[in-house]
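Visitor: PDB, C-alpha atoms, file my_file-v3.pdb:
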ATOM      1  CA  MET C  20     -38.681 -32.989 105.721
ATOM      2  CA  ILE C  21     -41.544 -32.579 108.199
ATOM      3  CA  GLY C  22     -41.489 -34.869 111.210
ATOM      4  CA  GLN C  23     -44.215 -37.043 112.576
ATOM      5  CA  ILE C  24     -46.486 -36.710 115.605
ATOM      6  CA  ALA C  25     -47.695 -39.597 117.791
ATOM      7  CA  LEU C  26     -50.644 -38.866 120.075
ATOM      8  CA  VAL C  27     -51.106 -41.618 122.681
ATOM      9  CA  GLY C  28     -54.239 -42.018 124.756
ATOM     10  CA  GLY C  29     -52.456 -42.933 128.002
ATOM     11  CA  ASP C  30     -51.123 -45.902 129.990
ATOM     12  CA  GLU C  31     -47.740 -45.545 128.317
ATOM     13  CA  PHE C  32     -44.734 -47.828 128.894
ATOM     14  CA  ARG C  33     -46.906 -50.816 129.845
ATOM     15  CA  LYS C  34     -47.195 -54.403 128.745
ATOM     16  CA  GLY C  35     -49.480 -54.441 125.736
ATOM     17  CA  CYS C  36     -48.091 -51.244 124.209
ATOM     18  CA  GLU C  37     -45.096 -52.916 122.570
ATOM     19  CA  GLU C  38     -46.540 -53.456 119.081
ATOM     20  CA  MET C  39     -47.785 -49.875 118.945
ATOM     21  CA  ASP C  40     -44.484 -48.428 120.086
ATOM     22  CA  ARG C  41     -42.413 -50.623 117.794
ATOM     23  CA  ALA C  42     -44.408 -49.153 114.918
ATOM     24  CA  ILE C  43     -43.741 -45.617 116.188
ATOM     25  CA  LEU C  44     -40.027 -46.357 116.594
ATOM     26  CA  GLY C  45     -39.997 -47.860 113.111
ATOM     27  CA  ALA C  46     -41.387 -44.629 111.730
ATOM     28  CA  THR C  47     -38.120 -42.905 112.681
ATOM     29  CA  GLY C  48     -36.380 -44.908 109.964
ATOM     30  CA  GLN C  49     -33.495 -45.646 112.358
ATOM     31  CA  LYS C  50     -32.321 -49.100 113.449
ATOM     32  CA  ASN C  51     -31.394 -47.879 116.936
ATOM     33  CA  PRO C  52     -33.305 -44.595 117.321
ATOM     34  CA  SER C  53     -32.393 -42.133 120.038
ATOM     35  CA  VAL C  54     -35.377 -41.437 122.281
ATOM     36  CA  LEU C  55     -35.647 -38.713 124.917
ATOM     37  CA  ILE C  56     -38.196 -39.215 127.701
ATOM     38  CA  VAL C  57     -39.453 -35.865 129.024
ATOM     39  CA  PRO C  58     -41.328 -36.281 132.363
ATOM     40  CA  THR C  59     -42.401 -32.658 132.839
ATOM     41  CA  ALA C  60     -46.084 -33.535 133.233
ATOM     42  CA  ALA C  61     -45.185 -35.844 136.139
ATOM     43  CA  ALA C  62     -43.421 -33.065 138.062
ATOM     44  CA  ARG C  63     -46.046 -33.049 140.818
ATOM     45  CA  GLN C  64     -46.054 -36.850 141.021
ATOM     46  CA  HIS C  65     -43.021 -39.062 140.392
ATOM     47  CA  SER C  66     -41.047 -37.529 137.533
ATOM     48  CA  SER C  67     -37.924 -39.628 138.126
ATOM     49  CA  LYS C  68     -39.963 -42.835 138.096
ATOM     50  CA  ALA C  69     -41.825 -41.777 134.951
ATOM     51  CA  ALA C  70     -38.529 -41.051 133.240
ATOM     52  CA  SER C  71     -36.849 -44.287 134.345
ATOM     53  CA  ASN C  72     -39.884 -46.341 133.315
ATOM     54  CA  GLY C  73     -39.798 -44.794 129.853
ATOM     55  CA  VAL C  74     -36.058 -45.268 129.465
ATOM     56  CA  ALA C  75     -36.224 -48.935 130.517
ATOM     57  CA  TYR C  76     -39.252 -49.604 128.311
ATOM     58  CA  PHE C  77     -37.845 -48.103 125.109
ATOM     59  CA  SER C  78     -34.410 -49.601 125.780
ATOM     60  CA  ASP C  79     -36.069 -53.034 125.860
ATOM     61  CA  LEU C  80     -37.588 -52.227 122.442
ATOM     62  CA  GLY C  81     -34.132 -51.554 121.008
ATOM     63  CA  ALA C  82     -33.964 -47.773 121.267
ATOM     64  CA  ASP C  83     -31.101 -45.682 122.633
ATOM     65  CA  ALA C  84     -33.261 -44.133 125.347
ATOM     66  CA  SER C  85     -32.401 -41.510 127.948
ATOM     67  CA  ALA C  86     -34.202 -39.030 130.191
ATOM     68  CA  LEU C  87     -34.426 -35.301 129.622
ATOM     69  CA  MET C  88     -35.221 -34.057 133.124
ATOM     70  CA  VAL C  89     -37.194 -30.957 132.311
ATOM     71  CA  ILE C  90     -39.343 -30.480 135.411
ATOM     72  CA  GLU C  91     -40.069 -26.753 135.622
ATOM     73  CA  THR C  92     -40.080 -23.720 133.316
ATOM     74  CA  ARG C  93     -36.452 -22.904 134.156
ATOM     75  CA  ASP C  94     -35.406 -26.361 132.937
ATOM     76  CA  ALA C  95     -37.308 -25.843 129.693
ATOM     77  CA  ASN C  96     -35.079 -22.804 129.060
ATOM     78  CA  ASP C  97     -31.751 -24.339 130.096
ATOM     79  CA  ASP C  98     -29.731 -24.506 126.866
ATOM     80  CA  ASP C  99     -27.135 -26.896 128.305
ATOM     81  CA  LEU C 100     -29.770 -29.326 129.550
ATOM     82  CA  LEU C 101     -31.628 -29.222 126.232
ATOM     83  CA  GLN C 102     -28.693 -30.019 123.939
ATOM     84  CA  PRO C 103     -29.677 -33.698 123.441
ATOM     85  CA  VAL C 104     -32.886 -32.598 121.695
ATOM     86  CA  ASP C 105     -30.827 -31.455 118.717
ATOM     87  CA  ALA C 106     -29.875 -35.037 117.822
ATOM     88  CA  ALA C 107     -32.901 -37.006 119.064
ATOM     89  CA  ASP C 108     -34.904 -39.190 116.694
ATOM     90  CA  MET C 109     -37.907 -39.040 119.020
ATOM     91  CA  VAL C 110     -38.948 -36.773 121.884
ATOM     92  CA  TYR C 111     -41.576 -38.341 124.150
ATOM     93  CA  LEU C 112     -43.704 -36.280 126.572
ATOM     94  CA  THR C 113     -45.090 -38.460 129.376
ATOM     95  CA  GLY C 114     -48.482 -38.255 131.027
ATOM     96  CA  GLY C 115     -49.300 -36.368 134.210
ATOM     97  CA  ASP C 116     -50.570 -32.838 134.784
ATOM     98  CA  PRO C 117     -51.427 -31.181 131.454
ATOM     99  CA  ALA C 118     -51.736 -27.696 132.953
ATOM    100  CA  HIS C 119     -48.234 -27.833 134.412
ATOM    101  CA  LEU C 120     -46.812 -29.236 131.167
ATOM    102  CA  LEU C 121     -48.463 -26.530 129.077
ATOM    103  CA  ASP C 122     -47.264 -23.760 131.402
ATOM    104  CA  ALA C 123     -43.706 -25.128 131.426
ATOM    105  CA  LEU C 124     -43.423 -25.513 127.647
ATOM    106  CA  SER C 125     -45.286 -22.460 126.366
ATOM    107  CA  GLY C 126     -42.833 -20.019 124.799
ATOM    108  CA  SER C 127     -39.865 -22.088 125.980
ATOM    109  CA  ALA C 128     -36.541 -22.965 124.410
ATOM    110  CA  LEU C 129     -37.620 -26.612 124.572
ATOM    111  CA  LEU C 130     -40.678 -25.857 122.444
ATOM    112  CA  ARG C 131     -38.472 -24.139 119.869
ATOM    113  CA  LYS C 132     -36.183 -27.168 119.814
ATOM    114  CA  ILE C 133     -39.165 -29.499 119.456
ATOM    115  CA  ASN C 134     -40.352 -27.517 116.438
ATOM    116  CA  ALA C 135     -36.834 -27.658 114.992
ATOM    117  CA  ALA C 136     -36.758 -31.421 115.582
ATOM    118  CA  LEU C 137     -39.990 -31.801 113.626
ATOM    119  CA  GLU C 138     -38.562 -29.735 110.788
ATOM    120  CA  ARG C 139     -35.565 -32.066 110.487
ATOM    121  CA  GLY C 140     -37.787 -35.158 110.481
ATOM    122  CA  ALA C 141     -37.874 -36.355 114.091
ATOM    123  CA  ILE C 142     -40.938 -37.784 115.811
ATOM    124  CA  VAL C 143     -42.580 -35.990 118.719
ATOM    125  CA  ALA C 144     -44.789 -38.256 120.823
ATOM    126  CA  GLY C 145     -46.939 -37.538 123.841
ATOM    127  CA  SER C 146     -49.148 -39.656 126.055
ATOM    128  CA  SER C 147     -52.279 -38.377 127.798
ATOM    129  CA  ALA C 148     -51.171 -34.937 129.085
ATOM    130  CA  GLY C 149     -48.314 -35.035 126.577
ATOM    131  CA  ALA C 150     -50.798 -35.508 123.734
ATOM    132  CA  MET C 151     -53.265 -32.954 125.080
ATOM    133  CA  VAL C 152     -50.829 -30.038 125.034
ATOM    134  CA  MET C 153     -49.806 -30.586 121.395
ATOM    135  CA  GLY C 154     -53.099 -29.485 119.862
ATOM    136  CA  LEU C 155     -54.555 -26.139 118.936
ATOM    137  CA  ARG C 156     -56.516 -26.169 122.172
ATOM    138  CA  MET C 157     -56.692 -28.262 125.313
ATOM    139  CA  ARG C 158     -59.680 -29.026 127.501
ATOM    140  CA  PHE C 159     -58.643 -29.403 131.139
ATOM    141  CA  LYS C 160     -61.283 -27.969 133.482
ATOM    142  CA  GLU C 161     -61.689 -25.274 130.813
ATOM    143  CA  TRP C 162     -60.690 -24.723 127.200
ATOM    144  CA  ARG C 163     -57.174 -23.299 126.816
ATOM    145  CA  LYS C 164     -54.961 -22.408 123.898
ATOM    146  CA  ALA C 165     -52.326 -25.141 123.596
ATOM    147  CA  LEU C 166     -48.974 -25.504 121.790
ATOM    148  CA  GLY C 167     -50.354 -25.854 118.272
ATOM    149  CA  LEU C 168     -47.981 -28.583 117.063
ATOM    150  CA  VAL C 169     -50.973 -30.248 115.387
ATOM    151  CA  SER C 170     -54.316 -28.878 114.212
ATOM    152  CA  VAL C 171     -56.450 -31.262 116.297
ATOM    153  CA  VAL C 172     -57.526 -31.615 119.932
ATOM    154  CA  THR C 173     -56.850 -34.792 121.939
ATOM    155  CA  PHE C 174     -59.146 -36.353 124.534
ATOM    156  CA  PRO C 175     -57.080 -39.168 126.138
ATOM    157  CA  HIS C 176     -58.319 -42.291 127.977
ATOM    158  CA  HIS C 177     -61.319 -42.220 125.678
ATOM    159  CA  GLU C 178     -62.297 -45.836 126.336
ATOM    160  CA  ARG C 179     -64.168 -44.425 129.327
ATOM    161  CA  SER C 180     -66.418 -42.203 127.187
ATOM    162  CA  ASP C 181     -69.743 -42.502 125.340
ATOM    163  CA  PRO C 182     -69.215 -41.075 121.820
ATOM    164  CA  ASP C 183     -72.815 -39.883 121.447
ATOM    165  CA  ARG C 184     -72.592 -37.956 124.706
ATOM    166  CA  VAL C 185     -69.190 -36.486 123.805
ATOM    167  CA  ALA C 186     -70.430 -35.406 120.374
ATOM    168  CA  ALA C 187     -73.433 -33.671 121.924
ATOM    169  CA  GLU C 188     -71.254 -31.920 124.501
ATOM    170  CA  LEU C 189     -68.815 -30.722 121.849
ATOM    171  CA  ALA C 190     -71.650 -29.399 119.689
ATOM    172  CA  ARG C 191     -72.966 -27.474 122.678
ATOM    173  CA  ALA C 192     -69.828 -26.130 124.355
ATOM    174  CA  ALA C 193     -66.660 -26.496 122.264
ATOM    175  CA  PRO C 194     -65.070 -23.705 120.211
ATOM    176  CA  GLU C 195     -66.221 -23.905 116.606
ATOM    177  CA  GLY C 196     -64.308 -25.660 113.885
ATOM    178  CA  LEU C 197     -62.313 -28.075 116.038
ATOM    179  CA  THR C 198     -61.505 -31.646 115.097
ATOM    180  CA  VAL C 199     -61.246 -33.741 118.264
ATOM    181  CA  LEU C 200     -59.509 -37.109 118.545
ATOM    182  CA  GLY C 201     -60.739 -39.328 121.351
ATOM    183  CA  ILE C 202     -57.876 -41.782 121.833
ATOM    184  CA  ASP C 203     -58.179 -44.882 123.999
ATOM    185  CA  ALA C 204     -55.441 -45.866 126.448
ATOM    186  CA  MET C 205     -52.609 -47.939 124.951
ATOM    187  CA  THR C 206     -53.588 -46.552 121.550
ATOM    188  CA  ALA C 207     -51.951 -43.979 119.306
ATOM    189  CA  CYS C 208     -52.888 -41.764 116.417
ATOM    190  CA  LEU C 209     -49.754 -41.284 114.304
ATOM    191  CA  ARG C 210     -49.386 -38.450 111.825
ATOM    192  CA  GLY C 211     -47.172 -39.895 109.122
ATOM    193  CA  PRO C 212     -45.814 -38.217 105.996
ATOM    194  CA  ASP C 213     -49.090 -38.632 104.101
ATOM    195  CA  ALA C 214     -51.877 -39.518 106.546
ATOM    196  CA  TRP C 215     -52.928 -40.221 110.106
ATOM    197  CA  SER C 216     -53.195 -43.837 111.262
ATOM    198  CA  ALA C 217     -54.489 -45.662 114.334
ATOM    199  CA  LEU C 218     -52.179 -47.992 116.255
ATOM    200  CA  GLY C 219     -52.543 -50.090 119.388
ATOM    201  CA  ALA C 220     -55.065 -51.939 121.485
ATOM    202  CA  GLY C 221     -58.022 -49.556 121.325
ATOM    203  CA  ARG C 222     -59.719 -47.123 118.983
ATOM    204  CA  VAL C 223     -59.386 -43.565 117.782
ATOM    205  CA  THR C 224     -62.683 -41.648 117.649
ATOM    206  CA  VAL C 225     -62.846 -38.567 115.418
ATOM    207  CA  TYR C 226     -65.356 -35.848 116.315
ATOM    208  CA  ARG C 227     -66.174 -33.188 113.773
ATOM    209  CA  ASP C 228     -69.243 -31.060 113.029
ATOM    210  CA  GLY C 229     -71.426 -32.922 115.516
ATOM    211  CA  HIS C 230     -70.593 -36.367 114.136
ATOM    212  CA  TRP C 231     -68.186 -39.103 115.148
ATOM    213  CA  GLN C 232     -66.367 -41.998 113.493
ATOM    214  CA  GLN C 233     -64.125 -44.694 114.955
ATOM    215  CA  PHE C 234     -60.933 -46.280 113.612
ATOM    216  CA  GLU C 235     -59.043 -49.369 114.741
ATOM    217  CA  SER C 236     -55.355 -50.257 114.642
ATOM    218  CA  GLY C 237     -53.919 -50.242 111.137
ATOM    219  CA  GLU C 238     -56.685 -48.085 109.669
ATOM    220  CA  THR C 239     -56.146 -44.662 108.125
ATOM    221  CA  VAL C 240     -57.778 -42.024 110.319
ATOM    222  CA  GLU C 241     -59.852 -39.746 108.122
ATOM    223  CA  LEU C 242     -59.690 -36.131 109.242
ATOM    224  CA  ASP C 243     -60.846 -34.301 106.092
TER     225      ASP C 243
END
So that I can check it, write out the structure of this file as structure tokens.
Guide:
Amino acid sequence: MIGQIALVGGDEFRKGCEEMDRAILGATGQKNPSVLIVPTAAARQHSSKAASNGVAYFSDLGADASALMVIETRDANDDDLLQPVDAADMVYLTGGDPAHLLDALSGSALLRKINAALERGAIVAGSSAGAMVMGLRMRFKEWRKALGLVSVVTFPHHERSDPDRVAAELARAAPEGLTVLGIDAMTACLRGPDAWSALGAGRVTVYRDGHWQQFESGETVELD
């Protein structure tokens, strides 16, 4: 069984995200799913607060939530610290600094465990920076190769953007052949067993071949 991916556009763990996140938790198929909050991207900010906010939030939604305090590269390769990943129903990468998160996870034991979790059917979710690093590439000051968990690119906090302008910029400067998802804050694009779907308060904008199309919560997001 191949697991599911949830790409969130930012502003995670806030009032107004509950319906979206209940749907993501429901996709685990577990009544009381185990959720690991990974605050690596917040290492330069307030990682403990990011982790505790996530744990409290998902606990209130009925999950068995706990923090996985991977802060630096050495933590991402600490086998003892990473043991809970083996049994998690969902691994959630918080927002923060995408460059630090990508550097910490690239080639790490945590990344291998995340891939193994997907193979056994778990969900891997990421918000803002957490979503950005999952794609084939990531745009943060410059284009970088990312983790490749999904074959798309995520632009978070997309409610701030003009789709026509973004489409023109991508046609001019992006690597060829990319499908880009512009995801609004408090909104997710969930890769389920058969299709992608939009969830949450905002929209998912798909950019491909110089064109764009928008999808609202509950709609199937067309990527082909």
Visitor: Give me the result of the PyMOL selection byres ((chain C and resi 170-174) around 8) on this file, residue by residue, as a PyMOL selection string.
Guide: chain C and resi 26+28+147+150-151+153-158+167-169+175-177+197-202
Visitor: Residues proximal to (-67.4, -44.3, 116.9) were defined as those with any atom within 12 Å of that point in the file's coordinates, counting only C-alpha atoms. Which are they, as an mmCIF file with C-alpha atoms, keeping the file's coordinate frame?
Guide:
data_model
loop_
_atom_site.group_PDB
_atom_site.id
_atom_site.type_symbol
_atom_site.label_atom_id
_atom_site.label_comp_id
_atom_site.auth_asym_id
_atom_site.auth_seq_id
_atom_site.Cartn_x
_atom_site.Cartn_y
_atom_site.Cartn_z
ATOM 1 C CA HIS C 177 -61.319 -42.220 125.678
ATOM 2 C CA GLU C 178 -62.297 -45.836 126.336
ATOM 3 C CA SER C 180 -66.418 -42.203 127.187
ATOM 4 C CA ASP C 181 -69.743 -42.502 125.340
ATOM 5 C CA PRO C 182 -69.215 -41.075 121.820
ATOM 6 C CA ASP C 183 -72.815 -39.883 121.447
ATOM 7 C CA ARG C 184 -72.592 -37.956 124.706
ATOM 8 C CA VAL C 185 -69.190 -36.486 123.805
ATOM 9 C CA ALA C 186 -70.430 -35.406 120.374
ATOM 10 C CA LEU C 200 -59.509 -37.109 118.545
ATOM 11 C CA GLY C 201 -60.739 -39.328 121.351
ATOM 12 C CA ILE C 202 -57.876 -41.782 121.833
ATOM 13 C CA ASP C 203 -58.179 -44.882 123.999
ATOM 14 C CA GLY C 221 -58.022 -49.556 121.325
ATOM 15 C CA ARG C 222 -59.719 -47.123 118.983
ATOM 16 C CA VAL C 223 -59.386 -43.565 117.782
ATOM 17 C CA THR C 224 -62.683 -41.648 117.649
ATOM 18 C CA VAL C 225 -62.846 -38.567 115.418
ATOM 19 C CA TYR C 226 -65.356 -35.848 116.315
ATOM 20 C CA ARG C 227 -66.174 -33.188 113.773
ATOM 21 C CA HIS C 230 -70.593 -36.367 114.136
ATOM 22 C CA TRP C 231 -68.186 -39.103 115.148
ATOM 23 C CA GLN C 232 -66.367 -41.998 113.493
ATOM 24 C CA GLN C 233 -64.125 -44.694 114.955
ATOM 25 C CA PHE C 234 -60.933 -46.280 113.612
ATOM 26 C CA GLU C 235 -59.043 -49.369 114.741
ATOM 27 C CA VAL C 240 -57.778 -42.024 110.319
#
Visitor: Near region 47-63 of chain C, counting only C-alpha atoms, which residues have an atom at most 7 Å away, once you skip same-chain residues fewer than 6 positions from it, shown as a ChimeraX atom specification?
Guide: /C:69-70,73-74,81-91,107-117,119-120,141-142,148
Visitor: Mind pulling up the distance from CA of Glu31 (chain C) to CA of Leu189 (chain C)?
Guide: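 Pair CA of Leu189 (chain C) / CA of Glu31 (chain C) returns 26.6 Å.
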Visitor: Applied to the shown file, which residues does the PyMOL selection byres ((chain C and resi 207) around 9) return, written as a ChimeraX atom specification?
Guide: /C:25-29,39-40,43,146,202-206,208-209,216-223,236
Visitor: Near Ala214 (chain C), within 10 Å and counting all atoms listed in the file, which residues show up once chain neighbours fewer than 6 positions away are dropped, as a ChimeraX atom specification?
Guide: /C:239-242
Visitor: Work out how far apart CA of His65 (chain C) and CA of Phe159 (chain C) are and give it in Å to one decimal.
Guide: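 The value is 20.6 Å.
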Visitor: From the set C:Val104, C:Ala135, C:Ala165, C:Ala192, which residue has the shortest atom-to-atom contact distance to Ile21 (chain C), counting all atoms listed in the file?
Guide: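 Going through C:Val104, C:Ala135, C:Ala165, C:Ala192 one by one, the smallest distance to Ile21 (chain C) is for C:Ala135.
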